[in-house]
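A short worksheet on the structure shown next.
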2 protein chains.
Amino acid sequence: MGVSQAVSVNQFDAVDMDKFFNPSSVVIIGASNAKFNLGAMICKTLRDSVNYPGKVYVVNRSGEDVHGAKGFKALKDIQDEVDLAVIITPASVIPGLIRQCGEQGIRNIIIESAGFSEKGEEGKKLQNEIDETACFYQIRIIGPNCLGIVDVHRRFCCMYGSEKIVLPLIQQPGSVSYILQSGGMAEMVAERLTENMMGVNKMVCIGNKSDVDEADLIDYFSMDNTEVIGIYLENVKHGRKLMTSVKQTSKPVLVYKSGKSEAGSAAAMSHTAGMAQNDAVFDGACKQAGMIRLQSPEELHSLPKMFTKMPLLSGNRIAIFTTSGAFGSIGADLLANTDLVMAEFSKETKSKLRQIPGVFNANNPVDIGPAPPEIYLEIYNILITSGEVDGLLHIVGIWQDFVKDVMNALVNFCRRQNKPAALYAYNSMSKLMSARLERELPLFNTAEEAVRALEVSYQQYKYLCQKEEPLWKK
Amino acid sequence: MGVSQAVSVNQFDAVDMDKFFNPSSVVIIGASNAKFNLGAMICKTLRDSVNYPGKVYVVNRSGEDVHGAKGFKALKDIQDEVDLAVIITPASVIPGLIRQCGEQGIRNIIIESAGFSEKGEEGKKLQNEIDETACFYQIRIIGPNCLGIVDVHRRFCCMYGSEKIVLPLIQQPGSVSYILQSGGMAEMVAERLTENMMGVNKMVCIGNKSDVDEADLIDYFSMDNTEVIGIYLENVKHGRKLMTSVKQTSKPVLVYKSGKSEAGSAAAMSHTAGMAQNDAVFDGACKQAGMIRLQSPEELHSLPKMFTKMPLLSGNRIAIFTTSGAFGSIGADLLANTDLVMAEFSKETKSKLRQIPGVFNANNPVDIGPAPPEIYLEIYNILITSGEVDGLLHIVGIWQDFVKDVMNALVNFCRRQNKPAALYAYNSMSKLMSARLERELPLFNTAEEAVRALEVSYQQYKYLCQKEEPLWKK
């Protein structure tokens with residue numbers, strides 16, 4: 001399109017962008033008391049689930065109130081200043097509504113309705129009308145064809161049909177912000193991130209992204225209290241713009257892109273109306289700009305903990321320490337597929353390890369049998385302070401409760417020593433998950449995931465080295 | 001080695017092999033009441049955890065009873081016939097013990113002690129002594145350096161330190177049998193298979209496999225009530241023998257092999273003393289013999305349910321049916337990496353789908369919004385009876401409880417129609433796991449796993465076609 005790009009980042013700064021996430025007042029256009037009304041669900045969520053502190057208005061045919069939000073027949077009847085309009089009406093009436101918003105002085109609009117570019121020629125014409133009007137009034141738009149936004153810390157949410165998702169998110173405010181070109185993905189990420197003992201900061205579903213796109217949001221998240229940025233994309237419209245935004249942030253940007261294959265790309269087309277690009281081109285752009293490309297959608301929720309709970313991996317020498325000979329061998333195999341290497345131990349380190357009772361193997365991987373907690377702690381110390389190891393891959397069986405205690409000690413030790421460990425326990429998922437949540441242990445679900453965590457940590461370290469400092473260090 | 005191979009399958013038939021799993025009487029040599037005695041743990045497990053119906057004897061220096069098992073100072077003092085000896089003593093005394101077993105008429109021995117080929121020259125000499133004695137007396141040996149055996153249906157277990165693992169296994173007798181060259185792997189598989197609503201039939205840790213190896217056990221499991229055979233290997237000693245055994249069974253043989261990389265192979269060497277082979281050679285052998293090579297150790301417990309709960313996939317045309325446009329695109333991407341293809345729908349099928357309210361897309365992937373149960377059932381019916389689809393990839397959000405009901409209906413429908421579906425729900429792991437366990441739904445943990453399930457199901461179908469019928473169909 002390009003029309004809306006005329007409104008550049010300069011004209012529309014972070015303060016204005018902030019109104020999408022932290023509006024003092026919002027109007028839900030299309031919310032009514034009809035059965036299954038989606039706008040009404042938003043009103044209910046704002047009042048009952050997130051306890052939104054701002055003012056909520058609704059516009060509908062009869063001007064009726066909805067879940068405590070004051071109702072009006074037309075936008076112009078609202079006397080107050082309104083920061084944000086959320087539109088969830090049939091597509092055909094939306095161009096007129098955008099004009100009314102412009103006249104009312106509203107500069108931030110989220111269009112959740114579908115029926116635009118993803119629906120053929122008729123939809124594209126509607127989309128063009130909206131773009132032109134928005135450009136004239138200098139309005140910024142998120143959507144159309146999207147699920148909306150949630151800002152967990154500031155208790156704003158305009159996602160429909162998501163009360164069950166939003167409630168656990170609100171209870172656990174966190175530091176990961178997501179930009180998602182899909183509502184289903186929001187559902188997965190929200191539920192599974194919570195199970196990874198992490199919380200969401202902000203989450204935006206960008207849908208067809210006729211205006212505000214992933215680049216604008218990376219700019220915004222690079223300046224707020226976000227620690228990790230997670231992105232799900234089906235297409236990229238403005239590649240250069242995206243690369244510039246990524247280059248300018250020091251925060252890890254994790255991106256999963258679908259539509260790699262022809263069939264996947266066709267499916268994405270009918271979902272969010274974007275042309276998928278040549279996958280190799282996107283891959284090259286990620287590397288050049290410093291964006292971590294994810295291998296599965298699961299990594300959107302499994303990997304952030306490696307960045308928030310552990311220091312970055314600043315070298316490629318990994319020691320494996322395990323209570324299973326098999327997983328020692330499997331871990332070494334997995335590392336062989338990355339640019340990480342098995343650390344080589346000096347004679348001194350080997351001799352220290354050999355003096356420890358119960359150590360089967362004083363080489364890397366270090367393999368122990370049933371042993372008391374002191375042995376674990378001693379081995380952590382030898383490996384991490386050896387000067388021969390940049391990071392630890394720790395694969396254990398939780399065969400006694402104390403194993404959780406020593407892992408807690410390891411996490412603290414890693415932070416002090418500024419070297420990361422990736423943890424995996426080959427127990428039942430329920431045992432692993434309860435250790436993770438109850439003891440705040442950054443445990444990964446599989447050995448593969450733990451190795452991936454080390455890999456992306458090192459990748460982010462190298463990206464930071466390659467980025468020009470002045471751009472992001474202010 | 002080769003020495004022990006002199007005892008061929010002909011001389012030692014399935015009835016004799018059965019004594020490893022279902023002995024009428026067993027002697028635990030080395031069990032005593034000393035603190036941390038491993039043999040004592042076995043006696044306790046036999047009595048308290050598995051309620052073993054046979055007779056248990058122990059041999060130790062003082063001849064004392066252990067956890068209710070009658071004690072003797074020497075093997076020759078036991079007057080009864082003994083089916084199986086489990087040895088868990090220092091390695092150095094074992095050659096002498098093997099001789100005593102031979103004289104006593106015991107033909108089945110499990111050596112759990114370590115300290116043989118995996119421990120350099122001294123260990124190798126001991127190993128040779130044992131091999132020669134065993135050959136002379138026609139004794140078959142499992143181990144050394146192994147965790148032992150469990151037979152869930154017949155309530156026998158000689159694994160030490162594994163009470164916590166064995167108890168849940170015994171409560172859920174199943175149809176998957178495992179051959180594992182690692183004790184740690186036994187721990188993982190046992191805990192995680194139970195979470196996959198599946199039970200273990202038999203599990204054997206083969207350790208250094210000086211005699212009985214994976215091929216012998218495949219032969220045995222191909223004749224018992226096993227439905228799926230899972231294998232973890234660190235090395236292969238007799239490649240031809242393994243290939244012959246695999247070719248002769250119609251049951252799915254799933255194998256994960258570590259030691260693919262140089263570092264992983266070195267680690268495996270010090271663990272179970274085997275030379276890892278060129279990985280490409282092993283890969284070729286799998287394809288030629290008809291063995292499904294796993295991509296991660298997790299697949300040992302995640303994939304069996306696809307074989308026991310669903311019919312085989314007998315063609316490569318897959319329909320995706322999803323409640324998330326994103327996962328439609330992701331699923332199509334994942335299929336593009338396999339030899340499965342996206343089914344093409346005829347005009348007739350598309351027009352049927354278009355008549356269903358709430359269907360966003362009448363192409364493949366079929367993508368629906370919030371819809372009542374009837375819509376799901378109707379779409380299942382259209383897709384599976386179309387004649388255009390061999391299997392279904394069903395990716396849903398469990399946004400209402402009825403979604404579990406319709407998935408239950410789908411599972412039954414698939415069985416009647418003899419076409420499989422692979423199910424994935426992009427909800428929290430705890431929601432997914434509870435749906436799996438409470439509703440007996442074969443749900444996979446990730447979209448990748450579900451696609452893998454279709455892939456290996458089709459692989460097994462093709463293997464069966466390629467195997468010469470007379471060999472396995474009797």
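We label chains A, B, ... in the order they appear in the structure tokens, count residues from 1 in each chain, and number ligands from 1 in the order shown.
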
Give me the residues of chain A that have any atom at most 7 Å from an atom of chain B; for each, the nearest atom pair and the distance in Å, rounded to one decimal. Use only C-alpha atoms, sort by chain and number, and format it as CSV.
```
residue,atom,partner,partner_atom,distance
A:Ser182,CA,B:Ala326,CA,5.8
A:Gly184,CA,B:Ser324,CA,5.0
A:Met185,CA,B:Ala326,CA,6.8
A:Met188,CA,B:Tyr426,CA,5.2
A:Glu191,CA,B:Ser428,CA,4.9
A:Arg192,CA,B:Ser428,CA,4.9
A:Ser258,CA,B:Ile330,CA,5.4
A:Gly259,CA,B:Ser329,CA,6.0
A:Lys260,CA,B:Asp333,CA,5.9
A:Ser261,CA,B:Asp333,CA,5.1
A:Ala263,CA,B:Ala332,CA,5.6
A:Gly264,CA,B:Ser329,CA,4.3
A:Ser265,CA,B:Ser329,CA,6.6
A:Ala267,CA,B:Ser329,CA,5.0
A:Ala268,CA,B:Ser329,CA,5.4
A:His271,CA,B:Gly325,CA,5.5
A:Ser324,CA,B:Gly184,CA,5.0
A:Gly325,CA,B:His271,CA,5.5
A:Ala326,CA,B:Ser182,CA,5.9
A:Gly328,CA,B:Ala267,CA,6.5
A:Ser329,CA,B:Gly264,CA,4.3
A:Ile330,CA,B:Ser258,CA,5.4
A:Ala332,CA,B:Gly264,CA,4.6
A:Asp333,CA,B:Gly264,CA,4.8
A:Ala336,CA,B:Ser261,CA,6.3
A:Pro365,CA,B:Ala267,CA,6.7
A:Tyr426,CA,B:Met188,CA,5.2
A:Asn427,CA,B:Met188,CA,5.3
A:Ser428,CA,B:Glu191,CA,4.9
A:Met429,CA,B:Arg192,CA,6.9
```

(message) For the structure I just gave you, how does DSSP split segment 35-105 of chain A - specifically, which residues are helix (DSSP H, G or I)? Reply as JSON, numbers by chain.
(response) {"A": [38, 39, 40, 41, 42, 43, 44, 45, 46, 47, 48, 49, 75, 76, 77, 91, 92, 93, 94, 95, 96, 97, 98, 99, 100, 101, 102, 103, 104]}

I need the residues from that last selection saved to file as a JSON list (two decimals), in the first residue's frame (with N, CA and C atoms), if you can.
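New file part30.json:
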```json
[["chain", "number", "residue", "atom", "x", "y", "z"],
["A", 38, "LEU", "N", -19.63, -9.08, 19.90],
["A", 38, "LEU", "CA", -18.21, -9.13, 20.24],
["A", 38, "LEU", "C", -17.76, -7.89, 21.01],
["A", 39, "GLY", "N", -18.32, -6.72, 20.62],
["A", 39, "GLY", "CA", -17.98, -5.49, 21.33],
["A", 39, "GLY", "C", -18.39, -5.56, 22.79],
["A", 40, "ALA", "N", -19.53, -6.21, 23.05],
["A", 40, "ALA", "CA", -20.00, -6.35, 24.43],
["A", 40, "ALA", "C", -19.00, -7.19, 25.25],
["A", 41, "MET", "N", -18.40, -8.20, 24.59],
["A", 41, "MET", "CA", -17.40, -9.02, 25.29],
["A", 41, "MET", "C", -16.23, -8.14, 25.74],
["A", 42, "ILE", "N", -15.85, -7.19, 24.89],
["A", 42, "ILE", "CA", -14.74, -6.30, 25.25],
["A", 42, "ILE", "C", -15.13, -5.45, 26.46],
["A", 43, "CYS", "N", -16.35, -4.92, 26.44],
["A", 43, "CYS", "CA", -16.82, -4.10, 27.58],
["A", 43, "CYS", "C", -16.78, -4.90, 28.88],
["A", 44, "LYS", "N", -17.20, -6.16, 28.77],
["A", 44, "LYS", "CA", -17.23, -7.02, 29.95],
["A", 44, "LYS", "C", -15.81, -7.30, 30.46],
["A", 45, "THR", "N", -14.91, -7.58, 29.53],
["A", 45, "THR", "CA", -13.52, -7.84, 29.91],
["A", 45, "THR", "C", -12.92, -6.60, 30.59],
["A", 46, "LEU", "N", -13.18, -5.43, 30.02],
["A", 46, "LEU", "CA", -12.61, -4.20, 30.59],
["A", 46, "LEU", "C", -13.07, -3.99, 32.03],
["A", 47, "ARG", "N", -14.35, -4.28, 32.26],
["A", 47, "ARG", "CA", -14.88, -4.04, 33.60],
["A", 47, "ARG", "C", -14.55, -5.19, 34.56],
["A", 48, "ASP", "N", -14.82, -6.44, 34.12],
["A", 48, "ASP", "CA", -14.76, -7.56, 35.07],
["A", 48, "ASP", "C", -13.40, -8.24, 35.14],
["A", 49, "SER", "N", -12.68, -8.34, 34.02],
["A", 49, "SER", "CA", -11.44, -9.11, 34.04],
["A", 49, "SER", "C", -10.23, -8.22, 34.33],
["A", 75, "LEU", "N", -21.06, 8.90, 17.41],
["A", 75, "LEU", "CA", -19.79, 9.28, 18.00],
["A", 75, "LEU", "C", -19.81, 10.75, 18.42],
["A", 76, "LYS", "N", -20.43, 11.57, 17.59],
["A", 76, "LYS", "CA", -20.39, 13.02, 17.85],
["A", 76, "LYS", "C", -21.15, 13.40, 19.12],
["A", 77, "ASP", "N", -21.99, 12.50, 19.61],
["A", 77, "ASP", "CA", -22.73, 12.80, 20.85],
["A", 77, "ASP", "C", -21.85, 12.72, 22.09],
["A", 91, "ALA", "N", -17.86, -4.54, 7.92],
["A", 91, "ALA", "CA", -16.80, -3.80, 7.24],
["A", 91, "ALA", "C", -17.33, -2.61, 6.45],
["A", 92, "SER", "N", -18.50, -2.77, 5.84],
["A", 92, "SER", "CA", -18.99, -1.77, 4.89],
["A", 92, "SER", "C", -19.17, -0.37, 5.51],
["A", 93, "VAL", "N", -19.50, -0.30, 6.78],
["A", 93, "VAL", "CA", -19.75, 1.01, 7.39],
["A", 93, "VAL", "C", -18.47, 1.66, 7.95],
["A", 94, "ILE", "N", -17.36, 0.95, 7.87],
["A", 94, "ILE", "CA", -16.15, 1.44, 8.56],
["A", 94, "ILE", "C", -15.54, 2.70, 7.94],
["A", 95, "PRO", "N", -15.49, 2.83, 6.60],
["A", 95, "PRO", "CA", -14.93, 4.08, 6.08],
["A", 95, "PRO", "C", -15.63, 5.32, 6.64],
["A", 96, "GLY", "N", -16.96, 5.27, 6.73],
["A", 96, "GLY", "CA", -17.70, 6.40, 7.31],
["A", 96, "GLY", "C", -17.32, 6.64, 8.76],
["A", 97, "LEU", "N", -17.12, 5.57, 9.50],
["A", 97, "LEU", "CA", -16.76, 5.70, 10.92],
["A", 97, "LEU", "C", -15.38, 6.33, 11.10],
["A", 98, "ILE", "N", -14.46, 5.98, 10.21],
["A", 98, "ILE", "CA", -13.11, 6.55, 10.30],
["A", 98, "ILE", "C", -13.20, 8.08, 10.13],
["A", 99, "ARG", "N", -14.03, 8.49, 9.16],
["A", 99, "ARG", "CA", -14.21, 9.92, 8.94],
["A", 99, "ARG", "C", -14.75, 10.59, 10.21],
["A", 100, "GLN", "N", -15.77, 9.98, 10.81],
["A", 100, "GLN", "CA", -16.33, 10.55, 12.05],
["A", 100, "GLN", "C", -15.28, 10.64, 13.15],
["A", 101, "CYS", "N", -14.45, 9.59, 13.25],
["A", 101, "CYS", "CA", -13.37, 9.61, 14.26],
["A", 101, "CYS", "C", -12.45, 10.80, 13.99],
["A", 102, "GLY", "N", -12.10, 10.98, 12.71],
["A", 102, "GLY", "CA", -11.20, 12.07, 12.34],
["A", 102, "GLY", "C", -11.78, 13.41, 12.74],
["A", 103, "GLU", "N", -13.07, 13.58, 12.47],
["A", 103, "GLU", "CA", -13.70, 14.85, 12.80],
["A", 103, "GLU", "C", -13.77, 15.07, 14.30],
["A", 104, "GLN", "N", -13.89, 13.98, 15.03],
["A", 104, "GLN", "CA", -13.99, 14.05, 16.50],
["A", 104, "GLN", "C", -12.61, 14.22, 17.13]]
```

(request) Write out as a list in words the residues lying within 8 Å of Leu84 of chain A, counting only C-alpha atoms and excluding same-chain residues fewer than 2 positions away. (result) Lys19, Phe20, Pro23, Ser25, Val26, Val27, Val82, Val86, Ile106, Arg107, Asn108, Ile109 and Ile110 of chain A

(message) Could you pull out the strand (DSSP E or B) residues of segment 283-333 of chain B, going by DSSP on the backbone, and write them as a ChimeraX atom specification?
(response) /B:292-293,317-322

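Going from atom CA of Ile88 of chain B over to atom CA of Ala134 of chain B, you cover 16.9 Å.
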
(request) Report the distance between atom CA of Leu423 of chain A and atom CA of Gly230 of chain A in Å, rounded to one decimal place. (result)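 Computing it gives 21.5 Å between the two atoms.
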
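You will find atom CA of Gly105 of chain A at 9.8 Å from atom CA of Gln138 of chain A.
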
(request) Find the spatial neighbours of Glu227 of chain A, counting only C-alpha atoms, within a cut-off of 7 Å - ignore same-chain residues fewer than 3 positions away - and output them as a PyMOL selection string. (result) chain A and resi 175-176+251

Go ahead and dump the residues you just picked, N, CA and C atoms, as a PDB file, in the first residue's frame.
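The resulting out33.pdb:
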```pdb
ATOM      1  N   SER A 175       7.364  -9.135  31.390  1.00  0.00           N
ATOM      2  CA  SER A 175       8.255  -8.264  30.632  1.00  0.00           C
ATOM      3  C   SER A 175       8.399  -8.667  29.165  1.00  0.00           C
ATOM      4  N   VAL A 176       7.601  -9.637  28.707  1.00  0.00           N
ATOM      5  CA  VAL A 176       7.684 -10.030  27.308  1.00  0.00           C
ATOM      6  C   VAL A 176       6.544  -9.373  26.535  1.00  0.00           C
ATOM      7  N   LYS A 251      17.202  -4.984  22.516  1.00  0.00           N
ATOM      8  CA  LYS A 251      16.430  -6.071  23.127  1.00  0.00           C
ATOM      9  C   LYS A 251      16.348  -7.262  22.169  1.00  0.00           C
TER      10      LYS A 251
END
```
